[in-house]
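Novice: So that you have it, the file is upload.csv, and it contains CSV, C-alpha atoms:
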chain,number,residue,atom,x,y,z
Y,87,MET,CA,5.9,-11.1,-11.6
Y,88,LYS,CA,4.2,-7.8,-11.8
Y,89,VAL,CA,3.7,-5.7,-8.7
Y,90,CYS,CA,1.1,-2.8,-8.8
Y,91,ILE,CA,0.9,0.1,-6.5
Y,92,ALA,CA,-2.3,2.2,-6.5
Y,93,GLN,CA,-2.5,5.9,-5.9
Y,94,THR,CA,-6.0,6.7,-4.6
Y,95,LYS,CA,-8.2,9.6,-3.5
Y,96,SER,CA,-10.5,8.2,-0.9
Y,97,GLU,CA,-13.5,9.9,0.7
Y,98,LYS,CA,-13.4,10.6,4.4
Y,99,GLY,CA,-15.1,7.7,6.2
Y,100,ASN,CA,-17.1,6.6,3.1
Y,101,ILE,CA,-16.3,2.9,3.4
Y,102,GLN,CA,-18.7,1.7,0.7
Y,103,ARG,CA,-17.7,4.3,-1.9
Y,104,ASN,CA,-14.1,3.7,-1.3
Y,105,ILE,CA,-14.5,-0.1,-1.6
Y,106,GLU,CA,-16.2,0.5,-5.0
Y,107,SER,CA,-13.4,2.7,-6.2
Y,108,HIS,CA,-10.8,0.2,-5.0
Y,109,LEU,CA,-12.5,-2.6,-6.9
Y,110,GLU,CA,-12.5,-0.6,-10.1
Y,111,LEU,CA,-8.7,-0.1,-9.8
Y,112,ILE,CA,-8.1,-3.7,-9.0
Y,113,LYS,CA,-10.0,-4.8,-12.1
Y,114,ARG,CA,-7.8,-2.4,-14.2
Y,115,ALA,CA,-4.7,-3.9,-12.5
Y,116,ILE,CA,-5.9,-7.4,-13.5
Y,117,GLN,CA,-6.2,-6.2,-17.1
Y,118,LEU,CA,-2.6,-5.1,-16.9
Y,119,LYS,CA,-1.7,-8.6,-15.6
Y,120,ALA,CA,-0.6,-7.6,-12.1
Y,121,ASP,CA,0.0,-10.4,-9.6
Y,122,LEU,CA,-0.2,-8.1,-6.6
Y,123,ILE,CA,-1.8,-4.7,-5.9
Y,124,ILE,CA,-1.1,-2.6,-2.8
Y,125,PHE,CA,-3.1,0.5,-1.7
Y,126,PRO,CA,-2.1,3.4,0.5
Y,127,GLU,CA,-2.3,3.6,4.3
Y,128,LEU,CA,-5.9,3.3,5.6
Y,129,SER,CA,-7.1,3.6,2.0
Y,130,ILE,CA,-10.6,2.2,2.7
Y,131,SER,CA,-11.4,4.7,5.5
Y,132,ASN,CA,-9.0,7.4,4.3
Y,133,TYR,CA,-6.3,8.4,6.8
Y,134,GLU,CA,-8.6,9.7,9.6
Y,135,PRO,CA,-7.3,8.8,13.1
Y,136,GLU,CA,-10.2,10.5,14.8
Y,137,LEU,CA,-12.6,8.2,13.0
Y,138,ALA,CA,-10.6,5.0,13.5
Y,139,GLU,CA,-12.4,3.7,16.6
Y,140,GLU,CA,-15.8,4.2,15.0
Y,141,LEU,CA,-14.8,2.6,11.7
Y,142,ALA,CA,-12.6,-0.2,12.9
Y,143,THR,CA,-13.7,-3.7,11.8
Y,144,ASP,CA,-12.4,-7.2,11.3
Y,145,ILE,CA,-10.9,-8.7,8.1
Y,146,LYS,CA,-13.6,-11.4,8.2
Y,147,SER,CA,-16.4,-8.8,7.7
Y,148,THR,CA,-18.6,-9.6,4.6
Y,149,ILE,CA,-18.0,-6.1,3.3
Y,150,PHE,CA,-14.6,-7.4,2.1
Y,151,ASP,CA,-15.9,-10.4,0.3
Y,152,PRO,CA,-15.7,-8.7,-3.1
Y,153,PHE,CA,-11.9,-8.5,-2.7
Y,154,GLN,CA,-11.6,-12.1,-1.9
Y,155,GLU,CA,-13.8,-13.0,-4.9
Y,156,LEU,CA,-11.6,-11.0,-7.3
Y,157,SER,CA,-8.5,-12.5,-5.8
Y,158,ASN,CA,-9.9,-16.1,-6.2
Y,159,LYS,CA,-11.1,-15.6,-9.8
Y,160,ASN,CA,-8.0,-13.8,-11.0
Y,161,LYS,CA,-5.1,-15.1,-8.9
Y,162,ILE,CA,-4.2,-11.6,-7.8
Y,163,ALA,CA,-3.0,-10.7,-4.3
Y,164,ILE,CA,-4.6,-7.5,-2.8
Y,165,GLY,CA,-3.5,-5.3,0.1
Y,166,ILE,CA,-5.9,-2.6,1.3
Y,167,GLY,CA,-5.7,-0.2,4.2
Y,168,MET,CA,-8.2,-0.3,7.1
Y,169,PRO,CA,-8.3,0.3,10.9
Y,170,THR,CA,-9.0,-3.0,12.6
Y,171,LYS,CA,-10.0,-4.1,16.1
Y,172,ALA,CA,-7.4,-5.7,18.4
Y,173,THR,CA,-7.7,-7.0,21.9
Y,174,GLU,CA,-6.1,-3.9,23.4
Y,175,GLY,CA,-7.1,-1.2,20.9
Y,176,ILE,CA,-7.1,-0.3,17.2
Y,177,ASN,CA,-4.5,-1.2,14.6
Y,178,ILE,CA,-3.5,0.6,11.5
Y,179,SER,CA,-3.8,-2.4,9.2
Y,180,MET,CA,-3.3,-3.8,5.8
Y,181,LEU,CA,-5.9,-6.4,4.9
Y,182,ILE,CA,-4.4,-9.0,2.6
Y,183,PHE,CA,-6.3,-11.2,0.2
Y,184,ARG,CA,-4.8,-14.1,-1.8
Y,185,SER,CA,-6.3,-16.5,-4.2
Y,186,ASN,CA,-8.2,-19.3,-2.3
Y,187,LYS,CA,-6.2,-18.7,0.9
Y,188,GLU,CA,-7.2,-17.4,4.3
Y,189,ARG,CA,-7.3,-13.6,4.7
Y,190,THR,CA,-4.4,-12.1,6.7
Y,191,THR,CA,-3.8,-8.8,8.4
Y,192,TYR,CA,-0.6,-6.9,8.8
Y,193,ALA,CA,-0.7,-4.3,11.6
Y,194,LYS,CA,1.7,-1.3,11.6
Y,195,GLN,CA,4.5,-2.0,14.1
Y,196,LEU,CA,6.1,1.4,14.5
Y,197,LEU,CA,3.7,4.3,15.2
Y,198,HIS,CA,4.3,8.1,14.9
Y,199,ALA,CA,3.8,10.0,18.1
Y,200,ASP,CA,0.7,11.6,16.7
Y,201,GLU,CA,-0.9,8.2,16.2
Y,202,LEU,CA,-0.4,6.9,19.8
Y,203,PRO,CA,-3.6,8.4,21.2
Y,204,TYR,CA,-5.6,6.4,18.6
Y,205,PHE,CA,-3.7,3.2,17.8
Y,206,ILE,CA,-1.7,0.4,19.2
Y,207,SER,CA,1.3,-1.2,17.6
Y,208,GLY,CA,1.3,-4.5,15.7
Y,209,LYS,CA,3.8,-7.2,16.6
Y,210,ASN,CA,4.8,-9.2,13.5
Y,211,GLN,CA,6.2,-8.6,10.1
Y,212,THR,CA,4.3,-10.0,7.1
Y,213,ILE,CA,6.2,-11.5,4.1
Y,214,LEU,CA,4.2,-12.5,1.0
Y,215,THR,CA,5.6,-15.1,-1.4
Y,216,ILE,CA,4.3,-14.7,-4.9
Y,217,LYS,CA,5.9,-16.6,-7.8
Y,218,ARG,CA,8.9,-17.3,-5.5
Y,219,VAL,CA,9.4,-13.6,-4.9
Y,220,LYS,CA,9.3,-12.6,-1.2
Y,221,ILE,CA,7.6,-9.2,-0.6
Y,222,ALA,CA,7.6,-7.3,2.6
Y,223,VAL,CA,5.1,-4.5,3.4
Y,224,GLY,CA,5.5,-1.5,5.7
Y,225,ILE,CA,3.0,1.3,6.6
Y,226,CYS,CA,4.0,4.9,6.4
Y,227,TYR,CA,6.1,6.2,9.4
Y,228,GLU,CA,7.8,2.8,10.0
Y,229,THR,CA,9.0,2.6,6.4
Y,230,LEU,CA,11.4,5.5,7.1
Y,231,GLN,CA,12.8,3.7,10.1
Y,232,LYS,CA,15.7,1.6,9.0
Y,233,GLU,CA,15.1,-1.0,11.6
Y,234,HIS,CA,11.8,-2.0,10.0
Y,235,PHE,CA,13.4,-2.5,6.6
Y,236,LEU,CA,16.3,-4.5,8.2
Y,237,ASN,CA,13.8,-6.8,10.0
Y,238,ALA,CA,12.0,-7.4,6.7
Y,239,LYS,CA,15.3,-8.0,4.9
Y,240,ASN,CA,16.5,-10.4,7.6
Y,241,GLN,CA,13.3,-12.4,6.9
Y,242,GLY,CA,14.4,-12.8,3.3
Y,243,ALA,CA,12.5,-10.0,1.6
Y,244,ASP,CA,13.3,-9.5,-2.1
Y,245,ILE,CA,11.1,-6.4,-2.5
Y,246,TYR,CA,9.9,-3.8,0.0
Y,247,ILE,CA,6.6,-2.0,-0.4
Y,248,ALA,CA,5.7,1.2,1.6
Y,249,SER,CA,2.0,1.9,1.9
Y,250,VAL,CA,1.7,5.5,3.0
Y,251,ALA,CA,-0.3,8.6,3.5
Y,252,LYS,CA,2.2,11.5,3.3
Y,253,PRO,CA,2.1,15.2,2.7
Y,254,LYS,CA,4.7,17.0,0.7
Y,255,SER,CA,7.2,17.1,3.6
Y,256,GLY,CA,6.9,13.4,4.1
Y,257,ILE,CA,7.3,12.6,0.4
Y,258,GLU,CA,10.5,14.7,0.4
Y,259,LYS,CA,11.9,12.6,3.2
Y,260,ALA,CA,10.9,9.4,1.4
Y,261,TYR,CA,12.6,10.5,-1.8
Y,262,GLN,CA,15.7,11.1,0.2
Y,263,HIS,CA,15.5,7.9,2.2
Y,264,PHE,CA,14.4,5.1,-0.2
Y,265,PRO,CA,17.0,5.5,-2.9
Y,266,GLY,CA,19.9,5.0,-0.5
Y,267,ILE,CA,18.3,2.0,1.2
Y,268,ALA,CA,17.4,0.4,-2.1
Y,269,LYS,CA,21.0,0.8,-3.4
Y,270,GLU,CA,22.7,-0.3,-0.1
Y,271,PHE,CA,20.7,-3.5,0.2
Y,272,LYS,CA,20.1,-4.1,-3.6
Y,273,THR,CA,16.4,-4.3,-3.0
Y,274,PRO,CA,13.7,-2.6,-5.1
Y,275,ILE,CA,11.4,-0.3,-3.1
Y,276,LEU,CA,7.9,0.7,-4.1
Y,277,MET,CA,5.8,3.4,-2.4
Y,278,SER,CA,2.0,3.7,-2.7
Y,279,ASN,CA,0.7,7.2,-1.5
Y,280,CYS,CA,-2.7,8.8,-1.7
Y,281,VAL,CA,-3.8,12.2,-3.0
Y,282,GLY,CA,-6.3,14.7,-1.5
Y,283,HIS,CA,-7.3,15.6,2.0
Y,284,CYS,CA,-6.3,13.3,4.9
Y,285,ASP,CA,-6.8,14.1,8.5
Y,286,LYS,CA,-5.2,17.6,8.9
Y,287,PHE,CA,-3.0,17.6,5.8
Y,288,MET,CA,-3.1,17.2,2.0
Y,289,SER,CA,-1.5,14.0,0.8
Y,290,ALA,CA,1.0,14.6,-2.0
Y,291,GLY,CA,0.9,11.5,-4.2
Y,292,GLN,CA,4.1,10.9,-6.2
Y,293,SER,CA,3.9,7.2,-5.7
Y,294,ALA,CA,7.2,5.7,-7.0
Y,295,VAL,CA,9.4,2.7,-7.8
Y,296,TRP,CA,13.2,2.6,-7.1
Y,297,ASN,CA,15.2,-0.3,-8.5
Y,298,LYS,CA,17.9,-2.3,-6.7
Y,299,LYS,CA,20.4,0.3,-7.8
Y,300,GLY,CA,18.4,3.1,-6.1
Y,301,GLU,CA,17.4,4.6,-9.4
Y,302,LEU,CA,13.9,6.1,-9.7
Y,303,ILE,CA,12.3,4.0,-12.4
Y,304,ASP,CA,9.0,5.9,-12.5
Y,305,GLN,CA,6.5,7.9,-10.5
Y,306,LEU,CA,3.0,9.3,-10.5
Y,307,ASP,CA,2.1,12.9,-10.1
Y,308,ALA,CA,0.9,14.8,-7.0
Y,309,THR,CA,-2.8,15.2,-7.8
Y,310,ASN,CA,-4.2,12.3,-9.8
Y,311,GLN,CA,-5.2,8.7,-9.0
Y,312,GLY,CA,-3.2,6.1,-10.9
Y,313,LEU,CA,-1.5,2.7,-11.1
Y,314,LEU,CA,2.2,2.0,-11.3
Y,315,ILE,CA,3.3,-1.5,-12.2
Y,316,PHE,CA,6.8,-2.9,-11.7
Y,317,ASP,CA,7.9,-6.0,-13.5
Y,318,THR,CA,10.4,-7.7,-11.2
Y,319,LYS,CA,12.0,-9.7,-14.1
Y,320,THR,CA,12.8,-6.8,-16.4
Y,321,GLU,CA,12.9,-4.1,-13.7
Y,322,GLN,CA,10.8,-1.9,-15.9
Y,323,ALA,CA,7.7,0.0,-14.9
Y,324,GLU,CA,4.6,1.3,-16.6
Y,325,LYS,CA,2.0,3.7,-15.3
Y,326,GLU,CA,-1.6,4.7,-15.9
Y,327,ILE,CA,-3.0,8.0,-14.7
Y,328,ILE,CA,-6.7,7.9,-13.7
Y,329,ALA,CA,-8.6,11.2,-13.6
Y,330,THR,CA,-12.1,10.5,-12.3
Y,331,LYS,CA,-13.5,7.7,-14.5
Y,332,ASN,CA,-11.2,8.4,-17.4
Y,333,MET,CA,-8.0,6.3,-17.8
Y,334,VAL,CA,-5.1,7.6,-19.9
Y,335,SER,CA,-2.5,5.0,-20.6
Y,336,ASN,CA,1.2,5.9,-20.6
Y,337,GLU,CA,2.4,2.4,-21.5
Show how you would write the structure in this file as structure tokens.

Specialist:
Amino acid sequence: MKVCIAQTKSEKGNIQRNIESHLELIKRAIQLKADLIIFPELSISNYEPELAEELATDIKSTIFDPFQELSNKNKIAIGIGMPTKATEGINISMLIFRSNKERTTYAKQLLHADELPYFISGKNQTILTIKRVKIAVGICYETLQKEHFLNAKNQGADIYIASVAKPKSGIEKAYQHFPGIAKEFKTPILMSNCVGHCDKFMSAGQSAVWNKKGELIDQLDATNQGLLIFDTKTEQAEKEIIATKNMVSNE
């Protein structure tokens, strides 16, 4: 199967514009024969904790119908980032769409201290099974906590995907952490980061794929949008840099 991670530059709080740009990237991933595409943390709203309560919604909202339609027609699974309403507060969530299946939500379980004033923790791990491959997802801070990876691995995960919004310092930590974990547990790790301004920092891109030996297979740059596709059978990756509307293939 082919797993695609998207590197995006979202507009602060501009839900409709961000949905439109996400749909464009998904359509390109479909052309590249991806079976799954995962976006960065809170990609639809941009990572903006102070706006989370105002923007939070529910996965059943009709604004997300185009994602379900694309999934149904093209048999592609899609994971997008959005704050969602919970009984006791707001979650940092990944909304997951699968072909002709009920939509599901994964809520970030381990929060950074800076997030506690705005969000509450999720309770359950999500494992996606696509073409008999089990894929676990994690969101930013928790992906650097070994306990989160181990919990996913104990549930049978074959691949681990980190959906993040990280500045340069966070990316440096990720590049130190993920290769060792991938090698120790013989598990490919993919990281989807954003670029541009988020909250009070600049996100540093450099989305990447490490194979089960902990080797860096490929990465995107620090400034452009793009797609990075990992073939689980061959353990090879291909990337496409996207500058505004122009796509430059590096296949």

Novice: When you count only C-alpha atoms, which of these residues is closest to Pro152 of chain Y: Y:Lys113, Y:Lys171, Y:Lys220, Y:Lys119?

Specialist: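 Closest candidate: Y:Lys113.
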
Novice: With all atoms listed in the file counted, which protein, DNA or RNA residues have an atom no more than 9 Å from (-14.1, 3.4, 7.4) in the file frame? Please answer as a PyMOL selection string.

Specialist: chain Y and resi 98-102+104+128-132+134+137-138+140-143+168-169

Novice: Using all atoms listed in the file, give me every residue within 10 Å of (-13.1, -8.3, 4.0) in file coordinates, as a short mmCIF file (atom, residue, chain, number, x, y, z; two decimals) with C-alpha atoms, keeping the file's coordinate frame.

Specialist:
data_model
loop_
_atom_site.label_atom_id
_atom_site.label_comp_id
_atom_site.auth_asym_id
_atom_site.auth_seq_id
_atom_site.Cartn_x
_atom_site.Cartn_y
_atom_site.Cartn_z
CA THR Y 143 -13.70 -3.70 11.80
CA ASP Y 144 -12.40 -7.20 11.30
CA ILE Y 145 -10.90 -8.70 8.10
CA LYS Y 146 -13.60 -11.40 8.20
CA SER Y 147 -16.40 -8.80 7.70
CA THR Y 148 -18.60 -9.60 4.60
CA ILE Y 149 -18.00 -6.10 3.30
CA PHE Y 150 -14.60 -7.40 2.10
CA ASP Y 151 -15.90 -10.40 0.30
CA PRO Y 152 -15.70 -8.70 -3.10
CA PHE Y 153 -11.90 -8.50 -2.70
CA GLN Y 154 -11.60 -12.10 -1.90
CA ILE Y 166 -5.90 -2.60 1.30
CA MET Y 168 -8.20 -0.30 7.10
CA LEU Y 181 -5.90 -6.40 4.90
CA ILE Y 182 -4.40 -9.00 2.60
CA PHE Y 183 -6.30 -11.20 0.20
CA ARG Y 189 -7.30 -13.60 4.70
CA THR Y 190 -4.40 -12.10 6.70
#

Novice: Please indicate the distance in Å from atom CA of Ala248 of chain Y to atom CA of Lys194 of chain Y, rounded to one decimal place.

Specialist: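 So the answer is 11.1 Å.
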
Novice: If you count only C-alpha atoms, which residues fall within 7 Å of segment 303-305 of chain Y, apart from same-chain ones fewer than 6 positions away, as a ChimeraX atom specification?

Specialist: /Y:292-297,323

Novice: Using all atoms listed in the file, which residue out of Y:Glu139, Y:Asp307, Y:Glu188, Y:Asp200 lies closest to Glu174 of chain Y?

Specialist: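 Among the listed residues, Y:Glu139 lies closest to Glu174 of chain Y.
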
Novice: Residues within 12 Å of Thr173 of chain Y, please, as number ranges by chain. Count only C-alpha atoms; anything in the same chain fewer than 5 positions from it doesn't count.

Specialist: Y: 144, 205-208

Novice: Select, from Y:Ile245, Y:Ile327, Y:Ile315, Y:Ala260, the residue with the minimum atom-to-atom distance to Leu118 of chain Y, counting all atoms listed in the file.

Specialist: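 Ranking Y:Ile245, Y:Ile327, Y:Ile315, Y:Ala260 by distance to Leu118 of chain Y, first place goes to Y:Ile315.
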
Novice: With all atoms listed in the file as the counted atoms, please give the residues lying no more than 12 Å from Gln195 of chain Y, apart from itself and same-chain residues fewer than 2 positions off, as number ranges by chain.

Specialist: Y: 177-180, 192-193, 197-198, 201-202, 205-212, 223-229, 231, 233-235, 237-238

Novice: Which distance in Å separates atom CA of Lys299 of chain Y and atom CA of Ala243 of chain Y, to one decimal?

Specialist: 16.0 Å

Novice: Which residue, Y:Ala120, Y:Ile176, Y:Ala92, Y:Ile267, has the smallest gap to Asp317 of chain Y when you use only C-alpha atoms?

Specialist: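 So, comparing all the options, the nearest one is Y:Ala120.
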
Novice: Just to confirm, what's the straight-line distance from atom CA of Lys217 of chain Y to atom CA of Tyr261 of chain Y in Å (one decimal)?

Specialist: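 The value is 28.6 Å.
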
Novice: With distances taken over all atoms listed in the file, which residue among Y:Leu196, Y:Met87, Y:Ala290, Y:Ile105 lies nearest Ile221 of chain Y?

Specialist: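 Once distances to Ile221 of chain Y are computed over all atoms listed in the file, the minimum belongs to Y:Met87.
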
Novice: Could you pull segment 256-273 of chain Y out of the structure I just pasted and write it to a file containing N, CA, C and O atoms, as an mmCIF file, in the first residue's frame?

Specialist:
data_model
loop_
_atom_site.group_PDB
_atom_site.id
_atom_site.type_symbol
_atom_site.label_atom_id
_atom_site.label_comp_id
_atom_site.auth_asym_id
_atom_site.auth_seq_id
_atom_site.Cartn_x
_atom_site.Cartn_y
_atom_site.Cartn_z
ATOM 1 N N GLY Y 256 11.433 21.696 17.724
ATOM 2 C CA GLY Y 256 10.652 20.466 17.811
ATOM 3 C C GLY Y 256 11.040 19.466 16.739
ATOM 4 O O GLY Y 256 11.079 18.261 16.986
ATOM 5 N N ILE Y 257 11.335 19.976 15.544
ATOM 6 C CA ILE Y 257 11.759 19.097 14.460
ATOM 7 C C ILE Y 257 13.117 18.478 14.778
ATOM 8 O O ILE Y 257 13.361 17.295 14.497
ATOM 9 N N GLU Y 258 13.988 19.247 15.387
ATOM 10 C CA GLU Y 258 15.301 18.703 15.773
ATOM 11 C C GLU Y 258 15.133 17.546 16.758
ATOM 12 O O GLU Y 258 15.823 16.525 16.655
ATOM 13 N N LYS Y 259 14.206 17.694 17.698
ATOM 14 C CA LYS Y 259 13.941 16.609 18.648
ATOM 15 C C LYS Y 259 13.362 15.389 17.933
ATOM 16 O O LYS Y 259 13.717 14.248 18.239
ATOM 17 N N ALA Y 260 12.471 15.640 16.993
ATOM 18 C CA ALA Y 260 11.853 14.535 16.248
ATOM 19 C C ALA Y 260 12.896 13.761 15.454
ATOM 20 O O ALA Y 260 12.876 12.524 15.410
ATOM 21 N N TYR Y 261 13.816 14.485 14.827
ATOM 22 C CA TYR Y 261 14.852 13.839 14.020
ATOM 23 C C TYR Y 261 15.848 13.062 14.885
ATOM 24 O O TYR Y 261 16.537 12.170 14.386
ATOM 25 N N GLN Y 262 15.909 13.373 16.160
ATOM 26 C CA GLN Y 262 16.739 12.599 17.086
ATOM 27 C C GLN Y 262 15.969 11.391 17.627
ATOM 28 O O GLN Y 262 16.539 10.323 17.829
ATOM 29 N N HIS Y 263 14.664 11.570 17.843
ATOM 30 C CA HIS Y 263 13.843 10.554 18.504
ATOM 31 C C HIS Y 263 13.377 9.442 17.559
ATOM 32 O O HIS Y 263 13.533 8.244 17.866
ATOM 33 N N PHE Y 264 12.808 9.795 16.429
ATOM 34 C CA PHE Y 264 12.139 8.812 15.582
ATOM 35 C C PHE Y 264 13.060 7.743 14.985
ATOM 36 O O PHE Y 264 12.667 6.567 14.918
ATOM 37 N N PRO Y 265 14.272 8.075 14.539
ATOM 38 C CA PRO Y 265 15.119 7.015 13.973
ATOM 39 C C PRO Y 265 15.404 5.885 14.964
ATOM 40 O O PRO Y 265 15.366 4.707 14.594
ATOM 41 N N GLY Y 266 15.668 6.228 16.211
ATOM 42 C CA GLY Y 266 15.951 5.209 17.224
ATOM 43 C C GLY Y 266 14.759 4.336 17.513
ATOM 44 O O GLY Y 266 14.884 3.104 17.650
ATOM 45 N N ILE Y 267 13.582 4.930 17.605
ATOM 46 C CA ILE Y 267 12.360 4.169 17.864
ATOM 47 C C ILE Y 267 12.053 3.251 16.688
ATOM 48 O O ILE Y 267 11.708 2.072 16.858
ATOM 49 N N ALA Y 268 12.170 3.781 15.464
ATOM 50 C CA ALA Y 268 11.903 2.978 14.276
ATOM 51 C C ALA Y 268 12.828 1.763 14.219
ATOM 52 O O ALA Y 268 12.387 0.639 13.922
ATOM 53 N N LYS Y 269 14.105 1.986 14.513
ATOM 54 C CA LYS Y 269 15.085 0.894 14.464
ATOM 55 C C LYS Y 269 14.855 -0.118 15.583
ATOM 56 O O LYS Y 269 14.876 -1.335 15.354
ATOM 57 N N GLU Y 270 14.620 0.384 16.804
ATOM 58 C CA GLU Y 270 14.448 -0.514 17.951
ATOM 59 C C GLU Y 270 13.258 -1.448 17.769
ATOM 60 O O GLU Y 270 13.329 -2.629 18.111
ATOM 61 N N PHE Y 271 12.168 -0.918 17.220
ATOM 62 C CA PHE Y 271 10.943 -1.705 17.114
ATOM 63 C C PHE Y 271 10.642 -2.155 15.674
ATOM 64 O O PHE Y 271 9.566 -2.683 15.411
ATOM 65 N N LYS Y 272 11.620 -1.913 14.785
ATOM 66 C CA LYS Y 272 11.487 -2.349 13.390
ATOM 67 C C LYS Y 272 10.146 -1.910 12.796
ATOM 68 O O LYS Y 272 9.408 -2.695 12.174
ATOM 69 N N THR Y 273 9.855 -0.615 12.989
ATOM 70 C CA THR Y 273 8.573 -0.045 12.571
ATOM 71 C C THR Y 273 8.791 1.254 11.805
ATOM 72 O O THR Y 273 9.373 2.199 12.353
#
